[in-house]
Amino acid sequence: MAVIEEVLLGVSASLVASTISATTEYVTLDILKKRKIKNRVENAVVETIEPLIPFLKNENISEKNQELLINTCRDELTPFTEDSTKLFENSLNGQVLYDSLYEDGLPQVIVAEGLESIYSILFPRIATVLCQIPSAVKDWEANAWKANYGKLDDIAMRIRDMFEQLDSSNKRKVELDDDLFRSIVRDRTQRVKMDLDLAGLRADKAFTGKIEDFFVHPEIIHTEQNEVVHKVKKSKESLTRFVQESRYAIIYGDPGAGKSTWARWLEAEALSDKWYGLAVRVELRGLASTGELPSVHKLIRSSISQHFRENVSADKIREWIAERSLFFVFDGFDEVSPSRRDEYVGWIEGLRIATDNCSIVVTSRELTTEHLSDLSEQWQMWKMRPFDKNRISEYIKLWHENTPLLHDGVRDVDPEILARELSSDPVIKPLTSNPLLLSTLLMVHHLDGRLPDGRSQLYERYVDGMLGLWDDRRNVANDRVGLSLQSKKLILTKLALHFHLNEVDQLDEVDAISVVDVCCNEIGGAGDSKNILSELCERSGLIVGPGVYGFVHKSVCEYLVAAIAVQGCVCDQNNRRVDRFRLYENRNDDRWNVVIFLWAGLAPEADVEEFMFKCLKEDSFSLGVGLFADQINRFQPKIKNDFIIEFLSRGDTTGAHTFGFGLFGPKTKEIGPIIDSFMVRSLSQRNNAFQFVLHCIDSGLISVADLSKVNSIGLKDFLAIFFIYKGNIYSIECLDKVFSQMSLKVKTPNWSYWVALTIVERVLCKDGVQKKEITELYKNNFSDNAHYFLWAWMSYIISYDYGELTFDEICKSRIKMLSLYDVLNWDIRESGVLQETKSWGDKFSSEEDRFDLLSKFNDILSAYISLSDVSENVFETVARKVSFLIEARECLSKKEKEV
């Protein structure tokens, strides 16, 4: 085996040395410096190659074939040492180079010996060493051969760790009986791992790096009737729920929430030693360009290396489906053109049926269309929630530890202190819960030294900074093409506009160069377009390439289009302006949604006002309200008041969306009341009106007196309910105005009980309120269901929701409520009303947890009496009344049984 080690290390070191000599001025250095560099490089090669020795040993092939494999790699890679541009064309990724080199088949000598499977693993690994180490040395040269340069060692250790993790993952795959399936999974695992780990080795931007270095698992929730019924908080829970169990899930998330990052992470997890099967992740935007959607067999084969495809028969695929060995992730449904979404929905549903219990996940931004809602009932809808404060702190910690932007002296930060600092700014705080915006914010905060004024301004400063503004401030000369910041931004803007108007998210190199050529001609012969694209990729980090070009994130492209619309002087290829009128024209197309909201953050206040009023008066009520809510801090008081008046006169609740409340009460009402609501457009597309209405009530934009100005009965009921829920209704006068405006739709038994419970909990527990008068007011306005006030009163007195109170304090606050007993309606004789008190709880209560309200109330009275200043006569009177109700209930129940 020692001979093989020597051959492997010798071949690898020779390839690396030849590439370094061809790409740097290394040979012109003095002998001592060359010796130091050579030693560092050789040590790096040893670190990266060493894990390949046990890999070859574990494959149980002869030394002769091992030597054949290594020498074939050498022969095939030698041409790349003479022309290193080919390494960059393959993104410095050995796996990409392998796929490019062997499109027409593997070397005949490998095929003849049946070594295809081993070669498909070994070659990309040696090629990766050849790609990465000389690239790091070239960067070392650019840093004047600094003695403390650490990137070379860092890359060597990252590559070594990656190889060791791959071999660890493959140990479990060895247990699989199907040799072909095992080889396919191993090959796929290496491809995914290299793609994830190598992308960050050249990073100089906010959002790149190894996923495992930056990944913070989001909380993902599933709701029913506006109640959260399932939560996925941790990595293990995601793997279990979405991969190992047979599930079909739609994962919604805001722009930049991390949907695609999570999808890539989940694919890698499914391919690790934590699961046995094959994960297939498909970017739906890529399928959109292929025309006809593939069959399930074509889809699976397309995810497999071409050197294995011909061995994958339809029978094999059916066998894998039967064993539930496949898992599918379809990323970015929102990037599918609305005109093709029906087709895609049918295709996804057909795939679900064809793959028979194999798990499927679809990710998407929220849509303005209902396409994903049309999927069958087997699908569950999930929401990726914004980061909470713990996740924000964790992400800040990981970013400072791992971003290549920082040097070691500034990596030590207290993430909780920085998180509090960022959250203390009311403009910045909403940005910190979004992973993309948080990483951008950290980048801007570090390099710019100050915080932006909002989301759109954050993008503006980030784009300008990455295009060279920060380099100029630090006197770093990195511009190789001689373009000004304005020229670079114009080129990126034209690319963004081409992407957006043509509904594509990537371009091949020829098409990208063509767009840049046109832009260069406008500038006045700015230079070679291919070099400009290369410069923008390498130095700005805002676009990725070469080969196929795209923006680092879709929202960067959307920001650039929004900036065009603010100027209003740029035309498309049909000579039509891209301005606010164009935005209005496309207001119902969700591909334009983020552009509209980013535009609103950049545009003059008068333009935004005109736009949102026009939406409100015509057919885009939810967008008009959404823009107002998003930009509310910019508007003068008069504009706010005018908008609210227009909102009250034109607003309506259509019933297309509902809002519900949970209840602690009888089993017959465990679901809680539901009211027609309306949706407010935002960057996340769909927000219930809940937060908007609460803000208007809390800030005084809408008062109780305004209820009389509302034309729509539905909207009037909606606002009245929220005044009861959160408004300042502690006076008899305010409550009387609210009750008088409520329609019969919100005086049903469910709503009557909810209103009673809310008033008891929010109003009557306060000191200084007119408790008896408010109780009488309720009885007068909800006369048909007045008994619910008694049940609400009892529920409050026996509840144990302490908050920050001690047991003694909570008891005393409940005892105060006993004084209301003499104004309550105790004369209840309807059997159904009395019988429902036998099973009390909420929707999450099991049968064992439910209790008899009346019996529990009497039990609690005896516990309270020792803590009370209230007369014992009061306790005795109340206990006697409750006992009478229990007797009446049992008597009626007995009579019903006899009948």
# chains A, B, ... in the order shown; residues from 1 in each chain; ligands from 1
$ residues_around --residues "Arg461 in chain A" --least-positions-apart "3" --cutoff "8 Å" --atoms "only C-alpha atoms" --output "list in words"
Val444, Pro452, Gln457, Leu458, Asp464 and Gly465 of chain A
$ residues_around --residues "range 581-593 of chain A" --least-positions-apart "4" --cutoff "9 Å" --atoms "only C-alpha atoms" --output "PyMOL selection string"
chain A and resi 334-335+337-338+366-369+500+503+558+565+576-577+597-598+611+615+620+623+681-685
$ write_last_selection --atoms "N, CA, C and O atoms" --output "short mmCIF file (atom, residue, chain, number, x, y, z; two decimals), in the first residue's frame"
data_model
loop_
_atom_site.label_atom_id
_atom_site.label_comp_id
_atom_site.auth_asym_id
_atom_site.auth_seq_id
_atom_site.Cartn_x
_atom_site.Cartn_y
_atom_site.Cartn_z
N ASP A 334 -42.78 29.73 -7.11
CA ASP A 334 -43.12 31.12 -7.45
C ASP A 334 -42.37 31.61 -8.68
O ASP A 334 -42.77 32.61 -9.29
N GLU A 335 -41.27 30.93 -9.06
CA GLU A 335 -40.49 31.35 -10.21
C GLU A 335 -41.03 30.78 -11.52
O GLU A 335 -40.50 31.05 -12.59
N SER A 337 -43.69 30.78 -14.42
CA SER A 337 -44.58 31.78 -15.01
C SER A 337 -46.03 31.46 -14.67
O SER A 337 -46.46 30.30 -14.76
N PRO A 338 -46.83 32.47 -14.27
CA PRO A 338 -48.25 32.21 -13.95
C PRO A 338 -49.00 31.50 -15.07
O PRO A 338 -49.92 30.73 -14.79
N GLU A 366 -45.08 33.19 -1.14
CA GLU A 366 -46.54 33.26 -1.23
C GLU A 366 -46.92 33.79 -2.62
O GLU A 366 -46.20 34.60 -3.20
N LEU A 367 -48.04 33.31 -3.14
CA LEU A 367 -48.46 33.65 -4.50
C LEU A 367 -49.68 34.56 -4.47
O LEU A 367 -50.47 34.55 -3.51
N THR A 368 -49.84 35.34 -5.52
CA THR A 368 -51.08 36.09 -5.68
C THR A 368 -52.14 35.21 -6.32
O THR A 368 -53.33 35.57 -6.34
N THR A 369 -51.74 34.08 -6.87
CA THR A 369 -52.67 33.12 -7.45
C THR A 369 -52.92 31.99 -6.46
O THR A 369 -52.18 31.82 -5.49
N HIS A 500 -35.75 39.90 -15.63
CA HIS A 500 -37.09 40.08 -15.07
C HIS A 500 -38.16 40.10 -16.16
O HIS A 500 -39.19 39.42 -16.04
N GLU A 503 -38.69 36.74 -17.71
CA GLU A 503 -39.08 35.71 -16.75
C GLU A 503 -38.10 34.55 -16.71
O GLU A 503 -38.47 33.38 -16.72
N GLU A 558 -34.36 42.00 -8.27
CA GLU A 558 -35.61 42.76 -8.10
C GLU A 558 -35.33 44.17 -7.61
O GLU A 558 -36.01 45.13 -8.01
N ALA A 565 -37.33 51.59 -12.07
CA ALA A 565 -38.69 52.14 -12.08
C ALA A 565 -38.75 53.49 -11.38
O ALA A 565 -39.57 54.34 -11.73
N ARG A 576 -40.57 50.48 -24.43
CA ARG A 576 -41.56 50.85 -23.42
C ARG A 576 -40.84 51.16 -22.11
O ARG A 576 -39.98 50.40 -21.66
N ARG A 577 -41.21 52.23 -21.47
CA ARG A 577 -40.56 52.63 -20.23
C ARG A 577 -40.90 51.66 -19.09
O ARG A 577 -42.02 51.16 -19.00
N PHE A 597 -42.69 46.70 -3.88
CA PHE A 597 -42.44 47.12 -2.49
C PHE A 597 -41.04 47.74 -2.33
O PHE A 597 -40.86 48.67 -1.54
N LEU A 598 -40.05 47.23 -3.08
CA LEU A 598 -38.72 47.86 -3.03
C LEU A 598 -38.77 49.24 -3.69
O LEU A 598 -38.12 50.19 -3.22
N PHE A 611 -49.81 56.06 -6.05
CA PHE A 611 -49.90 54.65 -6.40
C PHE A 611 -50.86 53.92 -5.46
O PHE A 611 -51.76 53.19 -5.89
N CYS A 615 -54.60 52.19 -6.10
CA CYS A 615 -54.89 50.78 -5.81
C CYS A 615 -56.15 50.66 -4.95
O CYS A 615 -57.01 49.80 -5.19
N SER A 620 -57.33 46.91 -6.45
CA SER A 620 -56.18 46.30 -5.77
C SER A 620 -56.13 46.78 -4.32
O SER A 620 -55.14 47.32 -3.85
N LEU A 623 -53.23 45.49 -2.06
CA LEU A 623 -51.93 46.08 -2.38
C LEU A 623 -51.85 47.51 -1.86
O LEU A 623 -50.83 47.92 -1.28
N ARG A 681 -51.37 42.82 1.18
CA ARG A 681 -50.18 42.45 0.42
C ARG A 681 -48.94 43.00 1.12
O ARG A 681 -48.94 44.07 1.73
N SER A 682 -47.85 42.25 1.00
CA SER A 682 -46.58 42.68 1.55
C SER A 682 -45.48 41.97 0.76
O SER A 682 -45.76 41.29 -0.22
N LEU A 683 -44.26 42.10 1.21
CA LEU A 683 -43.18 41.38 0.55
C LEU A 683 -43.40 39.87 0.61
O LEU A 683 -42.95 39.14 -0.26
N SER A 684 -44.08 39.41 1.64
CA SER A 684 -44.36 37.98 1.74
C SER A 684 -45.67 37.60 1.06
O SER A 684 -46.13 36.49 1.20
N GLN A 685 -46.26 38.56 0.37
CA GLN A 685 -47.45 38.37 -0.46
C GLN A 685 -48.76 38.31 0.31
O GLN A 685 -49.69 39.01 0.01
#
$ residues_around --residues "Trp347 in chain A" --least-positions-apart "5" --cutoff "12 Å" --atoms "only C-alpha atoms" --output "compact mmCIF listing (two decimals) with N, CA, C and O atoms, in the first residue's frame"
# COMPACT_ATOMS: atom_id res chain seq x y z
N LEU A 284 -37.27 24.57 -10.03
CA LEU A 284 -38.36 24.62 -11.01
C LEU A 284 -38.10 25.65 -12.10
O LEU A 284 -38.60 25.52 -13.22
N LEU A 287 -36.56 23.81 -14.91
CA LEU A 287 -37.49 23.01 -15.71
C LEU A 287 -38.27 23.89 -16.67
O LEU A 287 -38.65 23.46 -17.76
N GLU A 292 -41.42 20.85 -22.43
CA GLU A 292 -42.30 19.82 -21.88
C GLU A 292 -41.75 19.29 -20.56
O GLU A 292 -40.56 19.04 -20.41
N LEU A 293 -42.64 19.13 -19.59
CA LEU A 293 -42.23 18.64 -18.29
C LEU A 293 -41.93 17.15 -18.36
O LEU A 293 -42.63 16.40 -19.04
N PRO A 294 -40.89 16.70 -17.64
CA PRO A 294 -40.44 15.30 -17.78
C PRO A 294 -41.34 14.32 -17.05
O PRO A 294 -42.02 14.66 -16.07
N SER A 295 -41.33 13.08 -17.51
CA SER A 295 -41.98 12.00 -16.78
C SER A 295 -41.17 11.71 -15.53
O SER A 295 -40.03 12.17 -15.39
N VAL A 296 -41.73 10.94 -14.61
CA VAL A 296 -41.02 10.63 -13.38
C VAL A 296 -39.72 9.88 -13.68
O VAL A 296 -38.69 10.10 -13.03
N LEU A 299 -37.21 12.39 -15.00
CA LEU A 299 -36.79 13.28 -13.92
C LEU A 299 -35.72 12.62 -13.06
O LEU A 299 -34.70 13.24 -12.73
N PHE A 330 -38.83 20.21 -4.81
CA PHE A 330 -39.04 21.12 -5.93
C PHE A 330 -38.98 22.55 -5.40
O PHE A 330 -39.86 22.99 -4.66
N ARG A 340 -48.02 29.08 -16.77
CA ARG A 340 -47.75 27.64 -16.80
C ARG A 340 -48.02 26.96 -15.46
O ARG A 340 -47.75 25.76 -15.31
N ARG A 341 -48.54 27.70 -14.50
CA ARG A 341 -48.67 27.13 -13.16
C ARG A 341 -49.70 26.01 -13.09
O ARG A 341 -49.52 25.03 -12.36
N ASP A 342 -50.78 26.13 -13.85
CA ASP A 342 -51.75 25.03 -13.89
C ASP A 342 -51.09 23.75 -14.36
O ASP A 342 -51.33 22.66 -13.81
N ARG A 352 -46.84 12.91 -7.54
CA ARG A 352 -47.17 12.36 -6.22
C ARG A 352 -47.84 11.00 -6.34
O ARG A 352 -47.50 10.05 -5.61
N ILE A 353 -48.76 10.89 -7.27
CA ILE A 353 -49.47 9.62 -7.47
C ILE A 353 -48.52 8.55 -8.00
O ILE A 353 -48.52 7.41 -7.54
N ALA A 354 -47.66 8.95 -8.94
CA ALA A 354 -46.75 7.98 -9.57
C ALA A 354 -45.68 7.47 -8.63
O ALA A 354 -45.23 6.33 -8.76
N LEU A 372 -51.29 26.62 -5.80
CA LEU A 372 -50.87 25.57 -4.88
C LEU A 372 -52.00 25.14 -3.96
O LEU A 372 -51.98 24.03 -3.42
N LEU A 375 -53.91 21.89 -5.06
CA LEU A 375 -53.40 20.53 -4.89
C LEU A 375 -54.33 19.73 -3.99
O LEU A 375 -55.12 20.29 -3.22
$ residues_around --residues "Glu323 in chain A" --least-positions-apart "6" --cutoff "10 Å" --atoms "only C-alpha atoms" --output "list in words"
Gly277, Ile317, Asp356, Asn357 and Cys358 of chain A
$ select_by_dssp --residues "range 638-842 of chain A" --states "alpha helix (DSSP H)" --output "PyMOL selection string"
chain A and resi 638-650+690-698+713-726+732-741+749-759+771-781+787-798+807-816+831-835
$ select_by_dssp --residues "range 256-406 of chain A" --states "strand (DSSP E or B)" --output "PyMOL selection string"
chain A and resi 278-283+326-331+360-364+379-384
$ residues_around --residues "Lys747 in chain A" --least-positions-apart "2" --cutoff "12 Å" --atoms "only C-alpha atoms" --output "count of residues only"
31
$ closest_residue --among "A:Leu29, A:Ala13, A:Leu492, A:Leu701" --to "Val45 in chain A" --atoms "only C-alpha atoms"
A:Ala13
$ atom_distance --atom1 "CA of Met162 in chain A" --atom2 "CA of Met194 in chain A"
7.7 Å
$ residues_around --residues "range 531-542 of chain A" --least-positions-apart "5" --cutoff "6 Å" --atoms "only C-alpha atoms" --output "list in words"
Lys205, Met466, Leu467, Phe551 and Val552 of chain A
$ write_last_selection --atoms "all heavy atoms" --output "mmCIF file, in the first residue's frame"
data_model
loop_
_atom_site.group_PDB
_atom_site.id
_atom_site.type_symbol
_atom_site.label_atom_id
_atom_site.label_comp_id
_atom_site.auth_asym_id
_atom_site.auth_seq_id
_atom_site.Cartn_x
_atom_site.Cartn_y
_atom_site.Cartn_z
ATOM 1 N N LYS A 205 -18.491 37.755 -0.364
ATOM 2 C CA LYS A 205 -19.824 38.349 -0.349
ATOM 3 C C LYS A 205 -20.587 37.848 0.867
ATOM 4 O O LYS A 205 -20.158 36.931 1.555
ATOM 5 C CB LYS A 205 -20.572 38.028 -1.643
ATOM 6 C CG LYS A 205 -20.490 36.575 -2.082
ATOM 7 C CD LYS A 205 -20.961 36.447 -3.501
ATOM 8 C CE LYS A 205 -20.899 35.015 -3.988
ATOM 9 N NZ LYS A 205 -19.996 34.782 -5.073
ATOM 10 N N MET A 466 -20.610 46.463 -2.957
ATOM 11 C CA MET A 466 -20.032 45.296 -3.624
ATOM 12 C C MET A 466 -19.485 45.643 -5.007
ATOM 13 O O MET A 466 -18.597 44.970 -5.520
ATOM 14 C CB MET A 466 -21.066 44.179 -3.742
ATOM 15 C CG MET A 466 -21.520 43.620 -2.396
ATOM 16 S SD MET A 466 -20.165 43.032 -1.363
ATOM 17 C CE MET A 466 -19.740 41.514 -2.209
ATOM 18 N N LEU A 467 -20.021 46.696 -5.607
ATOM 19 C CA LEU A 467 -19.516 47.109 -6.929
ATOM 20 C C LEU A 467 -18.234 47.929 -6.839
ATOM 21 O O LEU A 467 -17.668 48.296 -7.860
ATOM 22 C CB LEU A 467 -20.592 47.909 -7.670
ATOM 23 C CG LEU A 467 -21.739 47.087 -8.246
ATOM 24 C CD1 LEU A 467 -22.801 47.993 -8.841
ATOM 25 C CD2 LEU A 467 -21.240 46.109 -9.294
ATOM 26 N N PHE A 551 -28.118 36.002 -10.826
ATOM 27 C CA PHE A 551 -27.857 36.849 -9.659
ATOM 28 C C PHE A 551 -27.711 35.972 -8.426
ATOM 29 O O PHE A 551 -28.312 34.898 -8.330
ATOM 30 C CB PHE A 551 -28.983 37.866 -9.473
ATOM 31 C CG PHE A 551 -28.868 39.042 -10.398
ATOM 32 C CD1 PHE A 551 -29.434 38.998 -11.664
ATOM 33 C CD2 PHE A 551 -28.152 40.168 -10.025
ATOM 34 C CE1 PHE A 551 -29.320 40.065 -12.536
ATOM 35 C CE2 PHE A 551 -28.022 41.247 -10.895
ATOM 36 C CZ PHE A 551 -28.599 41.196 -12.158
ATOM 37 N N VAL A 552 -26.901 36.478 -7.479
ATOM 38 C CA VAL A 552 -26.628 35.695 -6.280
ATOM 39 C C VAL A 552 -27.912 35.415 -5.518
ATOM 40 O O VAL A 552 -28.042 34.392 -4.844
ATOM 41 C CB VAL A 552 -25.595 36.421 -5.383
ATOM 42 C CG1 VAL A 552 -26.158 37.704 -4.799
ATOM 43 C CG2 VAL A 552 -25.085 35.506 -4.285
#
$ closest_residue --among "A:Gln306, A:Leu69, A:Ser373, A:Glu421" --to "Asp104 in chain A" --atoms "only C-alpha atoms"
A:Gln306
$ closest_residue --among "A:Glu522, A:Asp572, A:Glu887, A:Glu59" --to "Ser855 in chain A" --atoms "only C-alpha atoms"
A:Glu887
$ closest_atom_pairs --of "range 221-270 of chain A" --to "range 835-844 of chain A" --cutoff "12 Å" --atoms "only C-alpha atoms" --output "CSV"
residue,atom,partner,partner_atom,distance
A:Glu224,CA,A:Lys843,CA,11.3
A:Gln225,CA,A:Lys843,CA,10.9
A:Glu227,CA,A:Lys843,CA,9.6
A:Val228,CA,A:Phe844,CA,10.7
A:Val229,CA,A:Phe844,CA,9.0
A:His230,CA,A:Phe844,CA,12.0
